[in-house]
There are 2 protein chains.
Amino acid sequence: MSRAEAAVETIQREMTVFARRARASAGRMHPELSLVSYTLLGHLEESGGCRATDLAAHYALDKSTVSRQVAALERAGLIERRLDPEDHRVQVLQLTEAGQEILGQVTLRRRAAVRERLVDFPEEDLVRFAAYLERYNAAPDGATDR
Amino acid sequence: MSRAEAAVETIQREMTVFARRARASAGRMHPELSLVSYTLLGHLEESGGCRATDLAAHYALDKSTVSRQVAALERAGLIERRLDPEDHRVQVLQLTEAGQEILGQVTLRRRAAVRERLVDFPEEDLVRFAAYLERYNAAPDGATDR
DNA sequence: ACTTCCCGTTGCAGAGTACAACTCGGTCCG
DNA sequence: CGGACCGAGTTGTACTCTGCAACGGGAAGT
């Protein structure tokens, strides 16, 4: 196994560890907002509103899953759906004020926790780390894997 | 938000994207081995055998969850449990030959897929990327987050 | 108009999890 | 020894997440 392949193995494995721990801690840190919900809210904030289908594609989730998650978030008053006037099939999802509020709080808590773990990462490494991840996820597609 | 904080945000977000896609593709790429099962098998291979409790701790899973997963893997003939002669409460888990076989196949398939995505990463970046992840996961603890 | 396509919802079923209660072997006093 | 306590694993229960398939309704092309 080449050096590069060993690195690839490590990347896969460590990503998985990360994911499992994230899931586990999410429940403890903010019971009112599951990891999925948090992620979706974050995406809405970042994108400034999008369609359910976009969310599904981005996170490789089934549209039915997203539909239910969205319904729950709407019931909780964290997002609202607006019918796209151009195309009545489409619902544009957007954060409500309450949603922004909650999202902001949870983000602060999470960020603090992550910062704590990353305290001895020089800023330069953080930036490079983030760039690697973005580059990985942006890669050609993903129909193959991940 | 400082440059470092922005990087932290990105790291969180992209890690999540990665995790979701990994889960989704696992089902398609190797239906016979869920992402969890694959991960556990991988851990057993890497560690050369360990206890169920170790798995639970490492992946922040409940011991009951691990117990069921392990039971399934054993039923499938991929691992075996040996009673620790020193302490009869303990079961040491190890890959069977069949387990090694399957794990090897799936690993090759996954690795190929990941390689494809990482094709334009210079080896040096791969190694550094892997190192970042290990460093992150090895950080003090994780009781806080992730 | 008719067909086809796309967005979203709902019924259904299965996997993954957690939590709590329990069993069993070990360890540590008294 | 004997009883209290601890740690590993199992099992019962309930819930969430998720995907697939079937469906309703609007939109677009012929």
# chains A, B, ... in the order shown; residues from 1 in each chain; ligands from 1

$ residues_around --residues "Met1 (chain A)" --least-positions-apart "5" --cutoff "12 Å" --atoms "only C-alpha atoms (C1' of nucleotides)" --output "ChimeraX atom specification"
/A:6-9 /B:108,111

$ write_last_selection --atoms "all heavy atoms" --output "mmCIF file, in the first residue's frame"
data_model
loop_
_atom_site.group_PDB
_atom_site.id
_atom_site.type_symbol
_atom_site.label_atom_id
_atom_site.label_comp_id
_atom_site.auth_asym_id
_atom_site.auth_seq_id
_atom_site.Cartn_x
_atom_site.Cartn_y
_atom_site.Cartn_z
ATOM 1 N N ALA A 6 -2.321 4.753 2.033
ATOM 2 C CA ALA A 6 -2.424 4.724 3.491
ATOM 3 C C ALA A 6 -3.109 5.995 3.989
ATOM 4 O O ALA A 6 -3.962 5.946 4.881
ATOM 5 C CB ALA A 6 -1.031 4.605 4.111
ATOM 6 N N ALA A 7 -2.772 7.095 3.393
ATOM 7 C CA ALA A 7 -3.388 8.356 3.790
ATOM 8 C C ALA A 7 -4.882 8.327 3.507
ATOM 9 O O ALA A 7 -5.695 8.768 4.323
ATOM 10 C CB ALA A 7 -2.729 9.518 3.046
ATOM 11 N N VAL A 8 -5.243 7.760 2.365
ATOM 12 C CA VAL A 8 -6.654 7.662 2.008
ATOM 13 C C VAL A 8 -7.402 6.810 3.031
ATOM 14 O O VAL A 8 -8.499 7.163 3.483
ATOM 15 C CB VAL A 8 -6.820 7.068 0.594
ATOM 16 C CG1 VAL A 8 -8.265 6.724 0.336
ATOM 17 C CG2 VAL A 8 -6.315 8.049 -0.448
ATOM 18 N N GLU A 9 -6.791 5.707 3.426
ATOM 19 C CA GLU A 9 -7.397 4.855 4.448
ATOM 20 C C GLU A 9 -7.654 5.654 5.714
ATOM 21 O O GLU A 9 -8.733 5.610 6.298
ATOM 22 C CB GLU A 9 -6.443 3.703 4.802
ATOM 23 C CG GLU A 9 -6.299 2.642 3.753
ATOM 24 C CD GLU A 9 -7.607 1.933 3.504
ATOM 25 O OE1 GLU A 9 -8.322 1.607 4.472
ATOM 26 O OE2 GLU A 9 -7.924 1.732 2.338
ATOM 27 N N LEU B 108 -11.172 -2.317 -0.962
ATOM 28 C CA LEU B 108 -10.653 -2.016 -2.291
ATOM 29 C C LEU B 108 -11.625 -1.163 -3.079
ATOM 30 O O LEU B 108 -11.248 -0.181 -3.713
ATOM 31 C CB LEU B 108 -10.364 -3.306 -3.048
ATOM 32 C CG LEU B 108 -9.097 -4.047 -2.616
ATOM 33 C CD1 LEU B 108 -8.898 -5.292 -3.457
ATOM 34 C CD2 LEU B 108 -7.883 -3.131 -2.708
ATOM 35 N N ARG B 111 -11.735 2.293 -1.581
ATOM 36 C CA ARG B 111 -10.503 3.028 -1.802
ATOM 37 C C ARG B 111 -10.441 3.550 -3.232
ATOM 38 O O ARG B 111 -10.045 4.686 -3.483
ATOM 39 C CB ARG B 111 -9.305 2.133 -1.518
ATOM 40 C CG ARG B 111 -8.005 2.890 -1.524
ATOM 41 C CD ARG B 111 -6.842 1.939 -1.432
ATOM 42 N NE ARG B 111 -6.829 1.204 -0.179
ATOM 43 C CZ ARG B 111 -6.156 0.070 -0.012
ATOM 44 N NH1 ARG B 111 -5.508 -0.470 -1.009
ATOM 45 N NH2 ARG B 111 -6.168 -0.526 1.156
#

$ residues_around --residues "Gln91 (chain B)" --least-positions-apart "3" --cutoff "6 Å" --atoms "only C-alpha atoms (C1' of nucleotides)" --output "list in words"
Arg51, Arg81, Arg82, Leu83 and Asp84 of chain B

$ write_last_selection --atoms "C-alpha atoms" --output "PDB file, in the first residue's frame"
ATOM      1  CA  ARG B  51     -13.465  -5.854  23.227  1.00  0.00           C
ATOM      2  CA  ARG B  81     -15.765 -14.029  19.932  1.00  0.00           C
ATOM      3  CA  ARG B  82     -13.252 -15.643  22.187  1.00  0.00           C
ATOM      4  CA  LEU B  83     -13.640 -15.589  25.907  1.00  0.00           C
ATOM      5  CA  ASP B  84     -10.687 -13.929  27.499  1.00  0.00           C
TER       6      ASP B  84
END

$ interface_residues --of "chain A" --to "chain C" --cutoff "10 Å" --atoms "only C-alpha atoms (C1' of nucleotides)" --output "PyMOL selection string"
chain A and resi 24+51-53+63-64+66-68+87-91

$ interface_residues --of "chain D" --to "chain A" --cutoff "10 Å" --atoms "only C-alpha atoms (C1' of nucleotides)" --output "MDAnalysis selection string"
chainID D and resid 16:20 25:27

$ closest_atom_pairs --of "chain A" --to "chain B" --cutoff "8 Å" --atoms "only C-alpha atoms" --output "tab-separated table"
residue	atom	partner	partner_atom	distance
A:Arg3	CA	B:Glu123	CA	7.7
A:Ala4	CA	B:Glu123	CA	5.5
A:Glu5	CA	B:Arg111	CA	7.7
A:Ala7	CA	B:Val127	CA	5.3
A:Val8	CA	B:Leu126	CA	7.0
A:Glu9	CA	B:Arg111	CA	7.2
A:Thr10	CA	B:Ala130	CA	5.8
A:Ile11	CA	B:Ala130	CA	5.0
A:Arg13	CA	B:Thr39	CA	7.5
A:Glu14	CA	B:Leu133	CA	6.0
A:Met15	CA	B:Leu133	CA	7.1
A:Thr16	CA	B:Ala19	CA	6.8
A:Val17	CA	B:Tyr59	CA	5.9
A:Phe18	CA	B:Arg146	CA	6.2
A:Ala19	CA	B:Ala19	CA	5.7
A:Arg20	CA	B:Tyr59	CA	5.8
A:Arg21	CA	B:Arg146	CA	4.4
A:Ala22	CA	B:Arg146	CA	3.8
A:Arg23	CA	B:Arg146	CA	7.2
A:Ala24	CA	B:Ala60	CA	6.3
A:Ser25	CA	B:Asp145	CA	5.3
A:Ala26	CA	B:Asp145	CA	7.4
A:Met29	CA	B:Asp145	CA	7.5
A:Thr39	CA	B:Arg13	CA	7.5
A:His58	CA	B:Val17	CA	7.6
A:Tyr59	CA	B:Arg20	CA	5.8
A:Ala60	CA	B:Arg21	CA	5.5
A:Leu61	CA	B:Ala24	CA	7.3
A:Arg110	CA	B:Asp145	CA	7.0
A:Arg111	CA	B:Val8	CA	7.1
A:Ala113	CA	B:Asp145	CA	5.6
A:Val114	CA	B:Asp145	CA	6.6
A:Arg115	CA	B:Val8	CA	7.3
A:Arg117	CA	B:Ala139	CA	5.8
A:Leu118	CA	B:Tyr136	CA	6.8
A:Glu123	CA	B:Ala4	CA	5.5
A:Leu126	CA	B:Ala7	CA	5.9
A:Val127	CA	B:Ala7	CA	5.3
A:Phe129	CA	B:Phe129	CA	6.6
A:Ala130	CA	B:Ile11	CA	5.0
A:Tyr132	CA	B:Phe129	CA	6.7
A:Leu133	CA	B:Glu14	CA	5.9
A:Glu134	CA	B:Glu14	CA	6.2
A:Tyr136	CA	B:Leu118	CA	6.8
A:Asn137	CA	B:Phe18	CA	6.6
A:Ala139	CA	B:Arg117	CA	5.7
A:Pro140	CA	B:Arg117	CA	6.9
A:Asp141	CA	B:Arg117	CA	7.9
A:Gly142	CA	B:Arg21	CA	7.8
A:Ala143	CA	B:Ser25	CA	7.8
A:Thr144	CA	B:Ala113	CA	6.0
A:Asp145	CA	B:Ser25	CA	5.3
A:Arg146	CA	B:Ala22	CA	3.8

$ decode --residues "region 1-17 of chain A" --atoms "N, CA, C and O atoms" --output "compact mmCIF listing (two decimals), in the first residue's frame"
# COMPACT_ATOMS: atom_id res chain seq x y z
N MET A 1 0.86 -1.20 0.00
CA MET A 1 0.00 0.00 0.00
C MET A 1 0.88 1.24 0.00
O MET A 1 1.72 1.42 0.86
N SER A 2 0.68 2.07 -0.97
CA SER A 2 1.51 3.27 -1.08
C SER A 2 1.22 4.25 0.05
O SER A 2 0.23 4.12 0.77
N ARG A 3 2.07 5.22 0.14
CA ARG A 3 1.90 6.25 1.16
C ARG A 3 0.57 6.98 0.94
O ARG A 3 -0.17 7.25 1.88
N ALA A 4 0.27 7.23 -0.30
CA ALA A 4 -0.98 7.92 -0.61
C ALA A 4 -2.19 7.07 -0.23
O ALA A 4 -3.16 7.56 0.35
N GLU A 5 -2.09 5.78 -0.51
CA GLU A 5 -3.22 4.91 -0.16
C GLU A 5 -3.41 4.81 1.33
O GLU A 5 -4.54 4.77 1.83
N ALA A 6 -2.32 4.75 2.03
CA ALA A 6 -2.42 4.72 3.49
C ALA A 6 -3.11 6.00 3.99
O ALA A 6 -3.96 5.95 4.88
N ALA A 7 -2.77 7.10 3.39
CA ALA A 7 -3.39 8.36 3.79
C ALA A 7 -4.88 8.33 3.51
O ALA A 7 -5.70 8.77 4.32
N VAL A 8 -5.24 7.76 2.36
CA VAL A 8 -6.65 7.66 2.01
C VAL A 8 -7.40 6.81 3.03
O VAL A 8 -8.50 7.16 3.48
N GLU A 9 -6.79 5.71 3.43
CA GLU A 9 -7.40 4.85 4.45
C GLU A 9 -7.65 5.65 5.71
O GLU A 9 -8.73 5.61 6.30
N THR A 10 -6.64 6.36 6.12
CA THR A 10 -6.75 7.15 7.34
C THR A 10 -7.86 8.18 7.22
O THR A 10 -8.66 8.38 8.14
N ILE A 11 -7.91 8.83 6.09
CA ILE A 11 -8.93 9.85 5.89
C ILE A 11 -10.32 9.25 6.05
O ILE A 11 -11.16 9.78 6.77
N GLN A 12 -10.53 8.12 5.42
CA GLN A 12 -11.84 7.47 5.54
C GLN A 12 -12.16 7.15 6.98
O GLN A 12 -13.24 7.44 7.48
N ARG A 13 -11.21 6.53 7.64
CA ARG A 13 -11.46 6.05 8.99
C ARG A 13 -11.71 7.21 9.94
O ARG A 13 -12.68 7.20 10.70
N GLU A 14 -10.89 8.21 9.86
CA GLU A 14 -11.02 9.32 10.81
C GLU A 14 -12.27 10.14 10.55
O GLU A 14 -12.89 10.65 11.48
N MET A 15 -12.64 10.22 9.31
CA MET A 15 -13.88 10.92 9.00
C MET A 15 -15.05 10.21 9.66
O MET A 15 -15.98 10.84 10.17
N THR A 16 -14.99 8.91 9.65
CA THR A 16 -16.08 8.14 10.23
C THR A 16 -16.13 8.33 11.74
O THR A 16 -17.21 8.51 12.32
N VAL A 17 -14.99 8.29 12.35
CA VAL A 17 -14.95 8.52 13.80
C VAL A 17 -15.55 9.88 14.11
O VAL A 17 -16.39 10.02 15.00
